[in-house]
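Visitor: Just dropping this structure here.
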Amino acid sequence: MTRDEICSRILAIFSEKFEIDNPGLDDDLREEHEFDSIDAIELLREIEVMLDSQLTQEEKKSAMTIRTINDIVAYVIDMAAVRA
Amino acid sequence: MITGCAAITPIGNTKAEMVRHLTQGISGVKAMRSDGLLTEQIHSGVFGTVDYPIDYAFNRHHRKTMGPVAYYACQVAKEALDGAGLEEAFVTSGRMGVAFGSTHGSPTVQREIYRTFFGQSEQKLRNIGAVDYLKSMVHTTAVNITKMFGITGRVISSSTACTTSSQSIGYGYEAVKFGLQDAMLCGGADEYDTTTVAVFDNLLACSTAFNATPHLTPRPFDVRRDGLVVGEGAGAVVLEEYERARRRGAVILGEVLGFACNNNGGDMILPNMNGIEQTLRLGLDSAQIGPDRVDLISAHATATKMGDVIEAQAIGKVYGTGPLVTGLKSYMGHTMGSCGVIETILALHMMHERFVAPTLHLDDVDERCAMIRHARQLTETAVQVAAIENFAFGGVNTSLIIRKPLE
């Protein structure tokens with residue numbers, strides 16, 4: 001998947017699962033869109049589906065500092081690279 | 001003081017609809033809808049059903065931790081708070097708390113969790129949602145309400161089956177009476193749930209003879225009664241300290257005069273004459289009034305064979321033939337955790353509209369229940385004081401005494 005494809009998938013998940021439509025790619029999701037830790041856990045499940053692979057506990061914990069869509073896209077690229 | 005109230009019931013969501021059903025003798029009991037699991041095996045085919053659309057306007061931030069029972073709870077909480085007209089600064093001040101419960105969290109969500117446990121998927125842990133517990137825990141109604149409205153005071157979440165919401169009102173009343181809080185949002189909710197029906201069905205306590213004519217059951221105190229009918233619904237009342245309510249010019253709907261709760265101290269299921277009689281007397285003691293002051297009794301009256309007899313006899317011992325006695329479950333079945341608050345709200349509506357609704361289907365009074373003054377037809381009368389009785393599995397009994405505001 002290209003970076004743009006990953007970004008589109010993430011934005012689609014945000015729209016469908018979290019009812020957050022077209023957030024700015026550098027918006028602070030917590031501050032501006034009420035995206036909280038519960039949502040982050042749900043998002044990690046979606047990323048596992050996207051990667052068709054389970055994330056380790058350590059990988060999940062490292063995601064807890066993520067704040068923006070761009071951060072999420074970079075995280076998915078990193079996780080995909082580890083599994084390539 | 002009661003300064004706000006709202007309910008979702010099988011006989012409507014607005015005061016006008018509830019009064020219409022009560023005055024025209026219209027039942028909200030319907031054929032039980034299928035759940036694809038238990039309904040084919042349950043003998044009882046009737047349910048007190050909420051079958052009208054409700055316009056929920058909750059955003060995702062709130063919805064994500066809510067099962068169906070929390071939707072009911074938050075909607076009646078919203079309507080009751082709107083009706084009371086409390087300012088947001090007070091609601092969030094810590095001087096207001098919540099007393100709210102349900103029989104067992106959200107059974108719909110719990111069933112989904114069991115599906116995951118016992119399903120074939122290899123990914124059982126992964127498939128349990130992060131919010132499943134928040135949706136299904138026993139205090140889910142209370143804390144979804146605190147989250148939605150920013151309430152920061154006390155939280156009481158009783159879960160005592162049929163006395164859940166009468167305890168909510170009673171403990172909320174005590175929190176205000178003793179100055180622990182200036183206001184309490186009190187009530188209960190229960191969603192559509194066939195597990196509860198199955199439990200009563202297995203105990204041979206459910207109505208089964210009227211599956212083809214659901215609107216003719218349950219039949220409290222009637223010789224043809226054949227058991228209870230489970231229902232769904234929710235109710236909320238805002239209780240507020242008198243001086244505060246008066247200062248802000250609140251419309252006072254009624255006043256809680258007294259509350260009693262005790263336990264039979266023995267069997268968990270069988271109704272207990274001594275326990276119930278004590279509850280009724282303790283309720284009057286708490287209100288500091290004699291039985292002659294009570295105009296109306298909203299009986300628990302589930303239409304079980306023995307429950308109605310014991311209750312009628314206990315009422316007869318304490319109240320004689322003074323107050324009119326009505327069984328409001330005859331209109332909507334037994335809404336479980338919400339029955340106490342719904343019956344309290346219906347009593348308020350009857351006080352304000354100056355009528356007493358009769359027990360539906362009371363065609364032929366069981367002679368063992370005949371020692372009290374049954375409401376058998378729509379009666380125009382000015383009720384000043386009403387007692388709401390509720391009894392639950394586990395031997396828990398409550399009595400609430402409410403009064404219409406003096407004019």
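Chain labels run A, B, ... following the order of the structure tokens; each chain numbers its residues from 1, and ligands are numbered from 1 in the order shown.
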Mind checking which residues fall within 10 Å of His374 in chain B, counting only C-alpha atoms, ignoring those fewer than 2 positions away in the same chain, and posting them as a PyMOL selection string?
Guide: chain B and resi 221+297+312+321+323-327+358-359+362+365+369-372+376-377
Visitor: Residues of the last selection are to be written out with N, CA and C atoms, as a compact mmCIF listing (two decimals), in the first residue's frame.
Guide:
# COMPACT_ATOMS: atom_id res chain seq x y z
N PHE B 221 -54.81 -8.94 40.60
CA PHE B 221 -55.93 -9.16 41.55
C PHE B 221 -57.14 -9.87 40.93
N ILE B 297 -52.92 4.14 46.49
CA ILE B 297 -51.79 3.22 46.56
C ILE B 297 -51.54 2.67 45.16
N ALA B 312 -52.20 -7.63 48.78
CA ALA B 312 -53.54 -7.11 49.12
C ALA B 312 -53.79 -7.24 50.62
N THR B 321 -59.70 -0.10 54.10
CA THR B 321 -60.35 0.16 52.81
C THR B 321 -60.32 1.66 52.48
N PRO B 323 -57.63 4.03 51.08
CA PRO B 323 -57.15 4.53 49.79
C PRO B 323 -57.59 3.65 48.62
N LEU B 324 -57.74 4.29 47.46
CA LEU B 324 -57.93 3.52 46.23
C LEU B 324 -56.62 2.80 45.92
N VAL B 325 -56.74 1.57 45.43
CA VAL B 325 -55.55 0.78 45.09
C VAL B 325 -55.58 0.47 43.60
N THR B 326 -54.52 0.83 42.90
CA THR B 326 -54.45 0.49 41.48
C THR B 326 -53.17 -0.25 41.17
N GLY B 327 -53.23 -1.11 40.17
CA GLY B 327 -52.07 -1.88 39.72
C GLY B 327 -51.68 -1.43 38.33
N PRO B 358 -57.99 2.85 36.73
CA PRO B 358 -58.31 1.55 37.34
C PRO B 358 -57.27 0.49 36.98
N THR B 359 -57.19 -0.55 37.79
CA THR B 359 -56.42 -1.73 37.40
C THR B 359 -57.13 -2.34 36.18
N LEU B 362 -59.51 -6.06 35.67
CA LEU B 362 -59.94 -6.55 36.98
C LEU B 362 -61.45 -6.81 36.92
N VAL B 365 -62.69 -9.85 41.00
CA VAL B 365 -61.64 -9.76 42.03
C VAL B 365 -61.50 -11.10 42.76
N CYS B 369 -58.12 -11.28 47.58
CA CYS B 369 -57.57 -9.92 47.41
C CYS B 369 -58.65 -8.87 47.62
N ALA B 370 -59.81 -9.29 48.16
CA ALA B 370 -60.98 -8.42 48.12
C ALA B 370 -61.10 -7.46 49.30
N MET B 371 -60.14 -7.51 50.24
CA MET B 371 -60.28 -6.72 51.46
C MET B 371 -59.82 -5.28 51.30
N ILE B 372 -59.45 -4.87 50.10
CA ILE B 372 -58.98 -3.49 49.88
C ILE B 372 -59.88 -2.79 48.86
N ARG B 376 -61.63 0.20 40.18
CA ARG B 376 -62.16 -0.68 39.14
C ARG B 376 -62.72 0.09 37.95
N GLN B 377 -62.86 1.40 38.12
CA GLN B 377 -63.21 2.21 36.95
C GLN B 377 -62.47 3.54 37.06
Visitor: Any idea which chain A residues end up within 7 Å of chain B if we count only C-alpha atoms, as a ChimeraX atom specification please?
Guide: /A:19,34,38,41-42
Visitor: Could you pull the residues within 12 Å of range 52-66 of chain A, counting only C-alpha atoms, minus those fewer than 3 positions along the same chain, as a ChimeraX atom specification?
Guide: /A:26-30,35-49,69-76,78-80,82-84 /B:123,125-126
Visitor: Excluding same-chain residues fewer than 3 positions from Asn13 in chain B, what lies within 10 Å of it counting only C-alpha atoms, as a ChimeraX atom specification?
Guide: /B:6-10,16-18,50,52-54,76,233-235
Visitor: Since we have the selection now, will you write its residues out, keeping N, CA and C atoms, as a PDB file, in the first residue's frame?
Guide:
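File again-v7.pdb, as written:
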ATOM      1  N   ALA B   6     -39.541  12.418  33.634  1.00  0.00           N
ATOM      2  CA  ALA B   6     -39.711  11.953  32.254  1.00  0.00           C
ATOM      3  C   ALA B   6     -39.663  10.435  32.238  1.00  0.00           C
ATOM      4  N   ALA B   7     -40.384   9.848  31.298  1.00  0.00           N
ATOM      5  CA  ALA B   7     -40.398   8.384  31.219  1.00  0.00           C
ATOM      6  C   ALA B   7     -40.524   7.910  29.779  1.00  0.00           C
ATOM      7  N   ILE B   8     -39.943   6.761  29.538  1.00  0.00           N
ATOM      8  CA  ILE B   8     -40.174   6.010  28.297  1.00  0.00           C
ATOM      9  C   ILE B   8     -40.883   4.734  28.731  1.00  0.00           C
ATOM     10  N   THR B   9     -42.109   4.548  28.300  1.00  0.00           N
ATOM     11  CA  THR B   9     -42.882   3.404  28.783  1.00  0.00           C
ATOM     12  C   THR B   9     -43.615   2.725  27.619  1.00  0.00           C
ATOM     13  N   PRO B  10     -44.085   1.518  27.843  1.00  0.00           N
ATOM     14  CA  PRO B  10     -44.908   0.873  26.803  1.00  0.00           C
ATOM     15  C   PRO B  10     -46.205   1.641  26.513  1.00  0.00           C
ATOM     16  N   ALA B  16     -48.968  13.345  27.869  1.00  0.00           N
ATOM     17  CA  ALA B  16     -50.250  13.255  27.156  1.00  0.00           C
ATOM     18  C   ALA B  16     -50.545  11.816  26.727  1.00  0.00           C
ATOM     19  N   GLU B  17     -49.515  11.143  26.205  1.00  0.00           N
ATOM     20  CA  GLU B  17     -49.711   9.761  25.745  1.00  0.00           C
ATOM     21  C   GLU B  17     -49.996   8.831  26.929  1.00  0.00           C
ATOM     22  N   MET B  18     -49.257   9.024  28.007  1.00  0.00           N
ATOM     23  CA  MET B  18     -49.460   8.158  29.179  1.00  0.00           C
ATOM     24  C   MET B  18     -50.862   8.367  29.748  1.00  0.00           C
ATOM     25  N   VAL B  50     -41.929  -1.077  24.057  1.00  0.00           N
ATOM     26  CA  VAL B  50     -41.762   0.305  23.575  1.00  0.00           C
ATOM     27  C   VAL B  50     -41.604   0.196  22.057  1.00  0.00           C
ATOM     28  N   TYR B  52     -42.503   2.684  19.679  1.00  0.00           N
ATOM     29  CA  TYR B  52     -42.570   3.946  18.940  1.00  0.00           C
ATOM     30  C   TYR B  52     -41.146   4.495  18.790  1.00  0.00           C
ATOM     31  N   PRO B  53     -40.925   5.303  17.752  1.00  0.00           N
ATOM     32  CA  PRO B  53     -39.567   5.829  17.564  1.00  0.00           C
ATOM     33  C   PRO B  53     -39.215   6.865  18.625  1.00  0.00           C
ATOM     34  N   ILE B  54     -37.964   6.869  19.027  1.00  0.00           N
ATOM     35  CA  ILE B  54     -37.468   7.872  19.973  1.00  0.00           C
ATOM     36  C   ILE B  54     -36.350   8.632  19.262  1.00  0.00           C
ATOM     37  N   VAL B  76     -34.275   9.787  29.207  1.00  0.00           N
ATOM     38  CA  VAL B  76     -35.184  10.275  30.258  1.00  0.00           C
ATOM     39  C   VAL B  76     -34.465  11.265  31.176  1.00  0.00           C
ATOM     40  N   GLY B 233     -38.481  -0.167  29.652  1.00  0.00           N
ATOM     41  CA  GLY B 233     -38.777   1.248  29.835  1.00  0.00           C
ATOM     42  C   GLY B 233     -37.757   1.933  30.725  1.00  0.00           C
ATOM     43  N   ALA B 234     -38.031   3.195  31.013  1.00  0.00           N
ATOM     44  CA  ALA B 234     -37.130   3.995  31.836  1.00  0.00           C
ATOM     45  C   ALA B 234     -37.883   5.174  32.410  1.00  0.00           C
ATOM     46  N   GLY B 235     -37.359   5.685  33.504  1.00  0.00           N
ATOM     47  CA  GLY B 235     -37.956   6.886  34.084  1.00  0.00           C
ATOM     48  C   GLY B 235     -36.913   7.625  34.906  1.00  0.00           C
TER      49      GLY B 235
END
Visitor: What does the structure give for the distance between CA of Pro218 in chain B and CA of Ser330 in chain B, in Å to one decimal?
Guide: 5.2 Å
Visitor: Calculate how many Å separate CA of Val69 in chain B from CA of Thr213 in chain B, rounding to one decimal.
Guide: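 Atom-to-atom, CA of Val69 in chain B and CA of Thr213 in chain B are spaced 27.5 Å apart.
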Visitor: Which polymer residues have any atom within 8 Å of an atom of range 38-49 of chain B, counting only C-alpha atoms, with same-chain residues fewer than 5 positions away left out, as a count of residues only?
Guide: 29
Visitor: Residues of range 7-48 of chain A in helix (DSSP H, G or I) according to DSSP, as a ChimeraX atom specification?
Guide: /A:7-18,29-33,37-48
Visitor: As an exercise, work out the distance from CA of Ala236 in chain B to CA of Thr279 in chain B in Å and give it to one decimal place.
Guide: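 Answer for the CA of Ala236 in chain B to CA of Thr279 in chain B separation: 23.1 Å.
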Visitor: With DSSP run on the backbone, what are the strand (DSSP E) residues within range 112-303 of chain B? I'd like them as an MDAnalysis selection string.
Guide: chainID B and resid 155:156 183:190 233:240 255:263 296:298
Visitor: Can you spit out the residues from that selection as an mmCIF file, in the first residue's frame, using N, CA and C atoms?
Guide:
data_model
loop_
_atom_site.group_PDB
_atom_site.id
_atom_site.type_symbol
_atom_site.label_atom_id
_atom_site.label_comp_id
_atom_site.auth_asym_id
_atom_site.auth_seq_id
_atom_site.Cartn_x
_atom_site.Cartn_y
_atom_site.Cartn_z
ATOM 1 N N VAL B 155 -22.676 9.254 43.235
ATOM 2 C CA VAL B 155 -23.277 8.256 42.351
ATOM 3 C C VAL B 155 -23.752 7.082 43.193
ATOM 4 N N ILE B 156 -25.040 6.787 43.078
ATOM 5 C CA ILE B 156 -25.622 5.607 43.718
ATOM 6 C C ILE B 156 -26.202 4.779 42.588
ATOM 7 N N ALA B 183 -29.405 18.384 45.039
ATOM 8 C CA ALA B 183 -30.346 17.779 44.081
ATOM 9 C C ALA B 183 -29.820 16.418 43.659
ATOM 10 N N MET B 184 -30.747 15.543 43.283
ATOM 11 C CA MET B 184 -30.370 14.217 42.788
ATOM 12 C C MET B 184 -31.241 13.886 41.579
ATOM 13 N N LEU B 185 -30.604 13.345 40.565
ATOM 14 C CA LEU B 185 -31.324 12.830 39.409
ATOM 15 C C LEU B 185 -31.502 11.334 39.639
ATOM 16 N N CYS B 186 -32.743 10.885 39.753
ATOM 17 C CA CYS B 186 -32.995 9.518 40.224
ATOM 18 C C CYS B 186 -33.853 8.732 39.224
ATOM 19 N N GLY B 187 -33.576 7.453 39.098
ATOM 20 C CA GLY B 187 -34.454 6.644 38.259
ATOM 21 C C GLY B 187 -33.893 5.279 37.948
ATOM 22 N N GLY B 188 -34.394 4.703 36.875
ATOM 23 C CA GLY B 188 -33.962 3.379 36.464
ATOM 24 C C GLY B 188 -34.380 3.101 35.045
ATOM 25 N N ALA B 189 -33.772 2.076 34.465
ATOM 26 C CA ALA B 189 -34.084 1.717 33.083
ATOM 27 C C ALA B 189 -33.863 0.225 32.886
ATOM 28 N N ASP B 190 -34.607 -0.344 31.993
ATOM 29 C CA ASP B 190 -34.321 -1.704 31.534
ATOM 30 C C ASP B 190 -34.720 -1.838 30.076
ATOM 31 N N GLY B 233 -38.481 -0.167 29.652
ATOM 32 C CA GLY B 233 -38.777 1.248 29.835
ATOM 33 C C GLY B 233 -37.757 1.933 30.725
ATOM 34 N N ALA B 234 -38.031 3.195 31.013
ATOM 35 C CA ALA B 234 -37.130 3.995 31.836
ATOM 36 C C ALA B 234 -37.883 5.174 32.410
ATOM 37 N N GLY B 235 -37.359 5.685 33.504
ATOM 38 C CA GLY B 235 -37.956 6.886 34.084
ATOM 39 C C GLY B 235 -36.913 7.625 34.906
ATOM 40 N N ALA B 236 -37.090 8.936 34.988
ATOM 41 C CA ALA B 236 -36.177 9.755 35.788
ATOM 42 C C ALA B 236 -36.959 10.868 36.461
ATOM 43 N N VAL B 237 -36.574 11.170 37.697
ATOM 44 C CA VAL B 237 -37.123 12.339 38.388
ATOM 45 C C VAL B 237 -35.955 13.165 38.930
ATOM 46 N N VAL B 238 -36.151 14.473 38.935
ATOM 47 C CA VAL B 238 -35.175 15.367 39.563
ATOM 48 C C VAL B 238 -35.700 15.714 40.945
ATOM 49 N N LEU B 239 -34.928 15.374 41.976
ATOM 50 C CA LEU B 239 -35.276 15.743 43.347
ATOM 51 C C LEU B 239 -34.396 16.917 43.754
ATOM 52 N N GLU B 240 -35.012 17.913 44.328
ATOM 53 C CA GLU B 240 -34.276 19.145 44.620
ATOM 54 C C GLU B 240 -34.676 19.666 45.995
ATOM 55 N N GLU B 255 -43.766 16.211 45.963
ATOM 56 C CA GLU B 255 -42.800 16.150 47.054
ATOM 57 C C GLU B 255 -42.698 14.712 47.536
ATOM 58 N N VAL B 256 -41.486 14.253 47.762
ATOM 59 C CA VAL B 256 -41.313 12.945 48.396
ATOM 60 C C VAL B 256 -41.441 13.177 49.898
ATOM 61 N N LEU B 257 -42.445 12.528 50.496
ATOM 62 C CA LEU B 257 -42.689 12.712 51.928
ATOM 63 C C LEU B 257 -41.946 11.691 52.771
ATOM 64 N N GLY B 258 -41.768 10.501 52.216
ATOM 65 C CA GLY B 258 -41.126 9.465 53.014
ATOM 66 C C GLY B 258 -40.689 8.290 52.159
ATOM 67 N N PHE B 259 -39.798 7.485 52.730
ATOM 68 C CA PHE B 259 -39.274 6.323 52.016
ATOM 69 C C PHE B 259 -38.903 5.261 53.034
ATOM 70 N N ALA B 260 -39.233 4.028 52.701
ATOM 71 C CA ALA B 260 -38.804 2.917 53.547
ATOM 72 C C ALA B 260 -38.294 1.784 52.676
ATOM 73 N N CYS B 261 -37.293 1.098 53.192
ATOM 74 C CA CYS B 261 -36.780 -0.090 52.516
ATOM 75 C C CYS B 261 -36.393 -1.087 53.587
ATOM 76 N N ASN B 262 -36.820 -2.322 53.419
ATOM 77 C CA ASN B 262 -36.399 -3.364 54.350
ATOM 78 C C ASN B 262 -36.250 -4.667 53.582
ATOM 79 N N ASN B 263 -35.909 -5.713 54.314
ATOM 80 C CA ASN B 263 -35.759 -7.023 53.691
ATOM 81 C C ASN B 263 -36.552 -8.053 54.478
ATOM 82 N N LEU B 296 -54.166 7.240 47.599
ATOM 83 C CA LEU B 296 -53.955 6.313 46.479
ATOM 84 C C LEU B 296 -52.765 5.418 46.777
ATOM 85 N N ILE B 297 -52.924 4.139 46.490
ATOM 86 C CA ILE B 297 -51.794 3.220 46.558
ATOM 87 C C ILE B 297 -51.538 2.667 45.164
ATOM 88 N N SER B 298 -50.324 2.869 44.683
ATOM 89 C CA SER B 298 -49.888 2.193 43.470
ATOM 90 C C SER B 298 -49.242 0.893 43.942
#
Visitor: Residues within 9 Å of Ala205 in chain B, please, as an MDAnalysis selection string. Count only C-alpha atoms; anything in the same chain fewer than 3 positions from it doesn't count.
Guide: chainID B and resid 199:202 226:229 303:305
Visitor: Since we have the selection now, will you write its residues out, keeping C-alpha atoms, as a CSV table (one decimal), in the first residue's frame?
Guide:
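Now in out.csv:
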chain,number,residue,atom,x,y,z
B,199,VAL,CA,-36.1,-16.7,34.4
B,200,PHE,CA,-39.7,-16.0,35.4
B,201,ASP,CA,-41.0,-18.5,32.8
B,202,ASN,CA,-38.9,-21.2,34.4
B,226,ASP,CA,-51.8,-16.1,35.3
B,227,GLY,CA,-48.6,-14.4,36.0
B,228,LEU,CA,-46.5,-11.4,35.2
B,229,VAL,CA,-45.5,-9.8,31.9
B,303,ALA,CA,-50.4,-10.5,38.7
B,304,THR,CA,-48.6,-13.6,40.1
B,305,LYS,CA,-50.8,-16.0,42.0
Visitor: If we count only C-alpha atoms and set the cut-off at 8 Å, which residues sit around range 386-400 of chain B, ignoring sequence neighbours fewer than 5 positions away in its own chain? Please answer as number ranges by chain.
Guide: B: 160-163, 166-167, 170, 256-272, 275-276, 279-280, 282-283, 294-300, 340, 343-344, 347
